[in-house]
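Below is coords-v6.txt, holding compact mmCIF, C-alpha atoms and all ligand atoms.
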# COMPACT_ATOMS: atom_id res chain seq x y z
CA MET A 21 154.91 -22.45 144.60
CA GLU A 22 157.33 -20.74 146.95
CA LEU A 23 157.60 -20.40 150.71
CA ILE A 24 159.22 -17.98 153.10
CA VAL A 25 160.20 -18.65 156.72
CA ALA A 26 162.56 -17.52 159.45
CA VAL A 27 164.23 -20.33 161.40
CA TYR A 28 166.34 -20.38 164.54
CA ASP A 29 169.45 -22.56 164.80
CA ASP A 30 167.38 -25.68 165.64
CA TRP A 31 164.89 -24.91 162.81
CA GLY A 32 162.36 -23.77 165.42
CA ILE A 33 160.00 -21.13 164.03
CA GLY A 34 157.74 -20.09 166.88
CA CYS A 35 156.49 -20.59 170.39
CA CYS A 36 153.06 -20.11 171.96
CA GLY A 37 151.55 -18.84 168.72
CA THR A 38 154.14 -16.18 167.98
CA GLN A 39 157.79 -15.66 166.98
CA PRO A 40 159.84 -15.08 170.15
CA ILE A 41 162.61 -13.31 168.22
CA ALA A 42 161.81 -11.35 165.06
CA LEU A 43 164.40 -9.14 163.38
CA SER A 44 163.38 -5.92 161.64
CA ALA A 45 165.77 -6.80 158.77
CA ASP A 46 163.82 -10.02 158.29
CA ARG A 47 160.46 -8.23 158.45
CA LYS A 48 161.72 -5.94 155.67
CA PHE A 49 162.95 -8.93 153.64
CA PHE A 50 159.54 -10.59 154.12
CA ARG A 51 157.67 -7.45 153.00
CA GLU A 52 159.84 -7.02 149.90
CA THR A 53 159.82 -10.70 148.93
CA THR A 54 156.07 -11.22 149.30
CA ARG A 55 154.99 -7.85 147.84
CA GLY A 56 152.25 -8.34 145.24
CA ALA A 57 152.11 -12.11 145.76
CA MET A 58 149.33 -14.39 146.93
CA VAL A 59 150.25 -15.28 150.52
CA ILE A 60 148.89 -18.48 152.07
CA ALA A 61 148.73 -18.93 155.85
CA GLY A 62 147.17 -21.22 158.43
CA ARG A 63 144.50 -19.79 160.67
CA ARG A 64 146.77 -19.78 163.75
CA THR A 65 149.40 -17.69 161.95
CA ILE A 66 146.71 -15.20 160.94
CA ALA A 67 145.73 -14.90 164.60
CA ASP A 68 149.25 -13.47 165.12
CA PHE A 69 148.96 -10.88 162.31
CA PRO A 70 148.75 -7.28 163.59
CA GLY A 71 145.05 -6.74 164.29
CA GLN A 72 144.44 -10.10 162.55
CA LYS A 73 144.15 -8.03 159.39
CA PRO A 74 145.21 -9.12 155.89
CA LEU A 75 148.69 -8.07 154.79
CA PRO A 76 148.39 -5.00 152.55
CA GLY A 77 149.46 -5.21 148.91
CA ARG A 78 149.06 -8.99 148.80
CA VAL A 79 146.29 -11.44 147.99
CA ASN A 80 145.61 -13.07 151.37
CA VAL A 81 144.55 -16.71 151.60
CA ALA A 82 143.72 -18.43 154.90
CA ILE A 83 143.47 -22.16 155.52
CA SER A 84 141.00 -23.35 158.14
CA ARG A 85 138.86 -26.40 158.77
CA ASN A 86 136.58 -24.55 161.17
CA VAL A 87 136.35 -20.90 160.14
CA LYS A 88 134.47 -20.21 156.91
CA GLU A 89 134.93 -16.45 156.57
CA ILE A 90 137.68 -14.05 157.62
CA PRO A 91 137.34 -10.44 156.37
CA GLY A 92 140.00 -9.66 153.77
CA PHE A 93 140.96 -13.31 153.24
CA THR A 94 139.90 -16.00 150.82
CA VAL A 95 139.37 -18.97 153.11
CA CYS A 96 140.23 -22.47 151.92
CA ALA A 97 139.03 -25.55 153.81
CA THR A 98 141.93 -27.76 152.67
CA VAL A 99 145.56 -27.38 151.61
CA GLU A 100 144.63 -28.95 148.27
CA GLU A 101 142.10 -26.17 147.69
CA ALA A 102 144.75 -23.55 148.55
CA ALA A 103 147.26 -25.21 146.20
CA LYS A 104 144.69 -25.13 143.39
CA LEU A 105 143.93 -21.47 144.06
CA ALA A 106 147.68 -20.74 144.02
CA GLN A 107 147.80 -21.87 140.40
CA THR A 108 145.62 -18.89 139.47
CA ALA A 109 148.19 -16.39 140.84
CA PRO A 110 151.34 -15.20 139.04
CA ARG A 111 153.23 -15.77 142.29
CA ALA A 112 152.05 -17.64 145.40
CA MET A 113 153.96 -17.96 148.65
CA VAL A 114 153.32 -20.12 151.71
CA ILE A 115 153.97 -17.99 154.81
CA GLY A 116 153.28 -20.43 157.65
CA GLY A 117 152.88 -21.65 160.17
CA GLY A 118 154.34 -24.99 161.15
CA SER A 119 151.49 -27.26 160.10
CA ILE A 120 150.91 -25.45 156.79
CA TYR A 121 154.64 -25.44 155.90
CA LYS A 122 154.80 -29.21 156.48
CA GLN A 123 151.69 -29.95 154.45
CA MET A 124 152.53 -27.57 151.59
CA LEU A 125 156.29 -28.22 151.31
CA PRO A 126 155.63 -30.93 148.69
CA TYR A 127 153.97 -28.30 146.48
CA CYS A 128 156.93 -25.90 146.72
CA ASP A 129 160.13 -25.75 144.67
CA THR A 130 161.62 -22.55 146.10
CA ALA A 131 162.19 -21.62 149.76
CA TYR A 132 163.35 -18.26 151.16
CA ILE A 133 164.84 -19.16 154.52
CA THR A 134 166.16 -16.59 156.96
CA LYS A 135 168.49 -18.25 159.41
CA VAL A 136 168.42 -16.30 162.66
CA HIS A 137 171.45 -17.51 164.57
CA VAL A 138 170.06 -17.85 168.07
CA THR A 139 168.89 -20.71 170.22
CA THR A 140 165.51 -20.03 171.74
CA GLN A 141 162.65 -22.21 172.89
CA SER A 142 160.25 -23.22 170.12
CA ASP A 143 157.20 -25.45 170.05
CA THR A 144 156.82 -25.28 166.27
CA PHE A 145 159.47 -26.36 163.75
CA PHE A 146 160.22 -26.23 160.03
CA PRO A 147 161.68 -29.33 158.35
CA ASN A 148 165.50 -29.12 158.34
CA LEU A 149 166.24 -28.65 154.64
CA ASP A 150 170.00 -29.07 155.24
CA GLU A 151 169.27 -32.73 156.05
CA ARG A 152 167.02 -33.30 153.05
CA GLU A 153 168.37 -34.80 149.85
CA ASP A 154 165.61 -33.25 147.74
CA TRP A 155 166.59 -29.63 148.59
CA TYR A 156 169.85 -27.69 148.22
CA LEU A 157 171.16 -24.27 149.19
CA ALA A 158 171.25 -22.29 145.93
CA GLU A 159 172.28 -18.80 147.04
CA THR A 160 172.96 -16.52 149.98
CA LEU A 161 170.87 -13.41 149.28
CA GLN A 162 171.74 -11.25 152.29
CA SER A 163 173.50 -11.46 155.62
CA GLY A 164 174.03 -9.15 158.56
CA GLU A 165 173.77 -8.57 162.27
CA GLU A 166 171.06 -6.96 164.36
CA ASN A 167 171.19 -6.46 168.12
CA GLY A 168 174.14 -8.87 168.27
CA ILE A 169 172.25 -11.59 166.35
CA THR A 170 173.67 -12.67 163.01
CA TYR A 171 171.32 -13.68 160.21
CA GLU A 172 171.37 -14.87 156.61
CA MET A 173 168.65 -14.82 153.98
CA LEU A 174 169.10 -18.01 151.98
CA LEU A 175 167.50 -19.31 148.82
CA TYR A 176 166.87 -23.06 148.74
CA LYS A 177 165.69 -24.91 145.66
CA ARG A 178 164.19 -28.32 145.12
CA LYS A 179 166.62 -30.60 143.27
CA ILE A 180 163.95 -32.13 141.08
CA LYS A 181 162.73 -29.22 138.98
CA GLU A 182 159.04 -30.07 139.08
CA PRO A 183 157.35 -29.96 142.50
CA GLN A 184 156.29 -33.40 143.72
CA LYS A 185 152.61 -32.47 143.68
N1 LIG B 201 159.26 -18.09 161.77
C1 LIG B 201 158.40 -17.88 160.79
O1 LIG B 201 158.76 -17.46 159.68
C2 LIG B 201 156.94 -18.14 161.04
C3 LIG B 201 155.99 -17.88 160.04
C4 LIG B 201 154.66 -18.14 160.29
C5 LIG B 201 154.29 -18.67 161.51
N2 LIG B 201 155.23 -18.92 162.46
C6 LIG B 201 154.86 -19.49 163.75
O2 LIG B 201 154.20 -20.75 163.55
C7 LIG B 201 153.33 -20.95 164.66
C8 LIG B 201 151.96 -21.30 164.13
O3 LIG B 201 152.03 -22.54 163.44
P1 LIG B 201 150.95 -23.69 163.72
O4 LIG B 201 151.43 -24.96 163.09
O5 LIG B 201 150.64 -23.72 165.17
O6 LIG B 201 149.63 -23.12 163.04
P2 LIG B 201 149.32 -22.71 161.50
O7 LIG B 201 149.97 -23.70 160.59
O8 LIG B 201 149.60 -21.27 161.29
O9 LIG B 201 147.74 -22.85 161.48
C9 LIG B 201 147.13 -24.05 161.89
C10 LIG B 201 145.68 -23.99 161.52
O10 LIG B 201 145.53 -24.05 160.11
C11 LIG B 201 144.39 -24.81 159.79
N3 LIG B 201 144.81 -26.02 159.09
C12 LIG B 201 145.97 -26.73 159.22
N4 LIG B 201 145.98 -27.79 158.40
C13 LIG B 201 144.80 -27.76 157.72
C14 LIG B 201 144.22 -28.58 156.73
N5 LIG B 201 144.86 -29.66 156.24
N6 LIG B 201 142.99 -28.27 156.26
C15 LIG B 201 142.33 -27.18 156.73
N7 LIG B 201 142.83 -26.34 157.68
C16 LIG B 201 144.05 -26.65 158.16
C17 LIG B 201 143.69 -25.13 161.10
O11 LIG B 201 142.84 -24.01 161.35
P3 LIG B 201 141.47 -24.13 162.20
O12 LIG B 201 141.91 -24.46 163.59
O13 LIG B 201 140.82 -22.79 162.07
O14 LIG B 201 140.67 -25.24 161.56
C18 LIG B 201 144.85 -25.14 162.06
O15 LIG B 201 144.48 -24.93 163.42
C19 LIG B 201 153.35 -19.67 165.49
O16 LIG B 201 154.23 -19.81 166.58
C20 LIG B 201 153.87 -18.65 164.51
O17 LIG B 201 154.51 -17.57 165.15
C21 LIG B 201 156.54 -18.67 162.24

Write out the structure in this file as structure tokens.
Ligand SMILES: NC(=O)c1ccc[n+]([C@@H]2O[C@H](COP(=O)([O-])OP(=O)(O)OC[C@H]3O[C@@H](n4cnc5c(N)ncnc54)[C@H](OP(=O)(O)O)[C@@H]3O)[C@@H](O)[C@H]2O)c1
Amino acid sequence: MELIVAVYDDWGIGCCGTQPIALSADRKFFRETTRGAMVIAGRRTIADFPGQKPLPGRVNVAISRNVKEIPGFTVCATVEEAAKLAQTAPRAMVIGGGSIYKQMLPYCDTAYITKVHVTTQSDTFFPNLDEREDWYLAETLQSGEENGITYEMLLYKRKIKEPQK
């Protein structure tokens, strides 16, 4: 399984249920990278989707303990159920948020990480893969600057080929 996330310099990913700084270049990268894939998100991240609608051109999976049905989404009650469902898709990507990234990281072997080089206040964080021995930076895919903010789209890979779970 794969994941995609945008992190600030302190590996913060969001505040108050949303992303305080979101670059259009990263939105484009997200659209292109997830196109056609199964995308898996926690219920709080879905609450931040435009109109809380499923992302077009993708198979949308929501994870929630409390909500049983969300129009346009297949709802899973556990991360294990979502991981099992992911095995039925040619490509499945975890798209957030903080709690789902943490719980599903052990299932992933590929991470698309956009580093947005700013410091901003976050209340939700992604694990710092630069400090983890089980992950390495494999490739810089893109880099640029938008509104004075530099960014890089990076591909991280798990060192052990098989995911841990
Ligand atoms: N920078 C990025 O790339 C990026 C991407 C996505 C999200 N974000 C940010 O991340 C933040 C949201 O993250 P978050 O951690 O607060 O919420 P989240 O991970 O999106 O969703 C949390 C919800 O998922 C459900 N859930 C979590 N673990 C579960 C489990 N084991 N079994 C069943 N359901 C489970 C629960 O839903 P119920 O309450 O319905 O039971 C829980 O409230 C926002 O600030 C958002 O903007 C950033």

Take every atom of ligand LIG 201 (chain B) listed in the file, fit an axis-aligned box around them, add 6 Å per side, and give the centre and edge lengths in Å to one decimal as JSON.
{"center_x": 150.0, "center_y": -23.6, "center_z": 161.4, "size_x": 30.6, "size_y": 24.2, "size_z": 22.3}

### Task
Have a look at atom CA of Leu149 of chain A and atom CA of Gln107 of chain A and let me know their distance in Å, one decimal.
24.3 Å

Contacts of chain A with ligand LIG 201 (chain B) up to 7 Å, shortest pair per row, all atoms listed in the file, as a tab-separated table:
residue	atom	partner	partner_atom	distance
A:Ile24	CA	B:LIG201	O1	6.6
A:Val25	CA	B:LIG201	O1	3.5
A:Ala26	CA	B:LIG201	O1	3.8
A:Val27	CA	B:LIG201	N1	5.5
A:Ile33	CA	B:LIG201	N1	3.9
A:Gly34	CA	B:LIG201	O16	3.5
A:Cys35	CA	B:LIG201	O16	4.5
A:Cys36	CA	B:LIG201	O16	5.5
A:Gly37	CA	B:LIG201	O16	3.6
A:Thr38	CA	B:LIG201	O17	3.2
A:Gln39	CA	B:LIG201	O17	4.2
A:Ala61	CA	B:LIG201	O8	6.0
A:Gly62	CA	B:LIG201	O9	3.5
A:Arg63	CA	B:LIG201	O10	4.4
A:Arg64	CA	B:LIG201	O9	3.9
A:Thr65	CA	B:LIG201	O8	3.6
A:Ile66	CA	B:LIG201	O8	6.7
A:Asp68	CA	B:LIG201	O17	6.7
A:Ile83	CA	B:LIG201	N7	4.7
A:Ser84	CA	B:LIG201	N7	3.5
A:Arg85	CA	B:LIG201	O14	3.5
A:Asn86	CA	B:LIG201	O14	4.2
A:Val87	CA	B:LIG201	O13	5.2
A:Ala97	CA	B:LIG201	C15	4.7
A:Thr98	CA	B:LIG201	N6	3.8
A:Val99	CA	B:LIG201	N5	5.2
A:Ile115	CA	B:LIG201	C4	5.5
A:Gly116	CA	B:LIG201	C4	3.8
A:Gly117	CA	B:LIG201	O8	3.5
A:Gly118	CA	B:LIG201	O4	3.5
A:Ser119	CA	B:LIG201	O4	3.8
A:Ile120	CA	B:LIG201	O7	4.3
A:Tyr121	CA	B:LIG201	O7	6.8
A:Thr144	CA	B:LIG201	C7	5.8

Set out as a tab-separated table a contact list for segment 63-148 of chain A and segment 44-53 of chain A with a cut-off of 12 Å, giving each residue of segment 63-148 of chain A that qualifies its closest atom pair and distance in Å to one decimal, counting all atoms listed in the file, ordered by chain and rising residue number.
residue	atom	partner	partner_atom	distance
A:Leu75	CA	A:Arg51	CA	9.2
A:Pro76	CA	A:Arg51	CA	9.6
A:Gly77	CA	A:Arg51	CA	9.4
A:Arg78	CA	A:Arg51	CA	9.7
A:Arg111	CA	A:Thr53	CA	10.6
A:Ala112	CA	A:Thr53	CA	11.0
A:Met113	CA	A:Thr53	CA	9.3
A:Val114	CA	A:Phe50	CA	11.6
A:Ile115	CA	A:Phe50	CA	9.3
A:Ala131	CA	A:Thr53	CA	11.2
A:Tyr132	CA	A:Thr53	CA	8.6
A:Ile133	CA	A:Asp46	CA	9.9
A:Thr134	CA	A:Asp46	CA	7.1
A:Lys135	CA	A:Asp46	CA	9.5
A:Val136	CA	A:Asp46	CA	8.9

## Note on the structure
Between A:Asp154, A:Pro126, A:Val59, A:Glu166, smallest distance to Val95 of chain A by all atoms listed in the file belongs to A:Val59

When you look at Lys104 of chain A with a cut-off of 12 Å (counting all atoms listed in the file), what residues show up, excluding the ones that are within fewer than 4 positions of it in the same chain? I need them as a JSON list (two decimals) with C-alpha atoms, in the frame of the given file.
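Saved as selection-v2.json:
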[["chain", "number", "residue", "atom", "x", "y", "z"],
["A", 21, "MET", "CA", 154.91, -22.45, 144.60],
["A", 60, "ILE", "CA", 148.89, -18.48, 152.07],
["A", 81, "VAL", "CA", 144.55, -16.71, 151.60],
["A", 96, "CYS", "CA", 140.23, -22.47, 151.92],
["A", 97, "ALA", "CA", 139.03, -25.55, 153.81],
["A", 98, "THR", "CA", 141.93, -27.76, 152.67],
["A", 99, "VAL", "CA", 145.56, -27.38, 151.61],
["A", 100, "GLU", "CA", 144.63, -28.95, 148.27],
["A", 108, "THR", "CA", 145.62, -18.89, 139.47],
["A", 109, "ALA", "CA", 148.19, -16.39, 140.84],
["A", 112, "ALA", "CA", 152.05, -17.64, 145.40],
["A", 124, "MET", "CA", 152.53, -27.57, 151.59],
["A", 127, "TYR", "CA", 153.97, -28.30, 146.48],
["A", 185, "LYS", "CA", 152.61, -32.47, 143.68]]

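Here the question is which of A:Asn148, A:Thr139, A:Asn80, A:Gln72 gets nearest to Thr170 of chain A using only C-alpha atoms, and that residue is A:Thr139.
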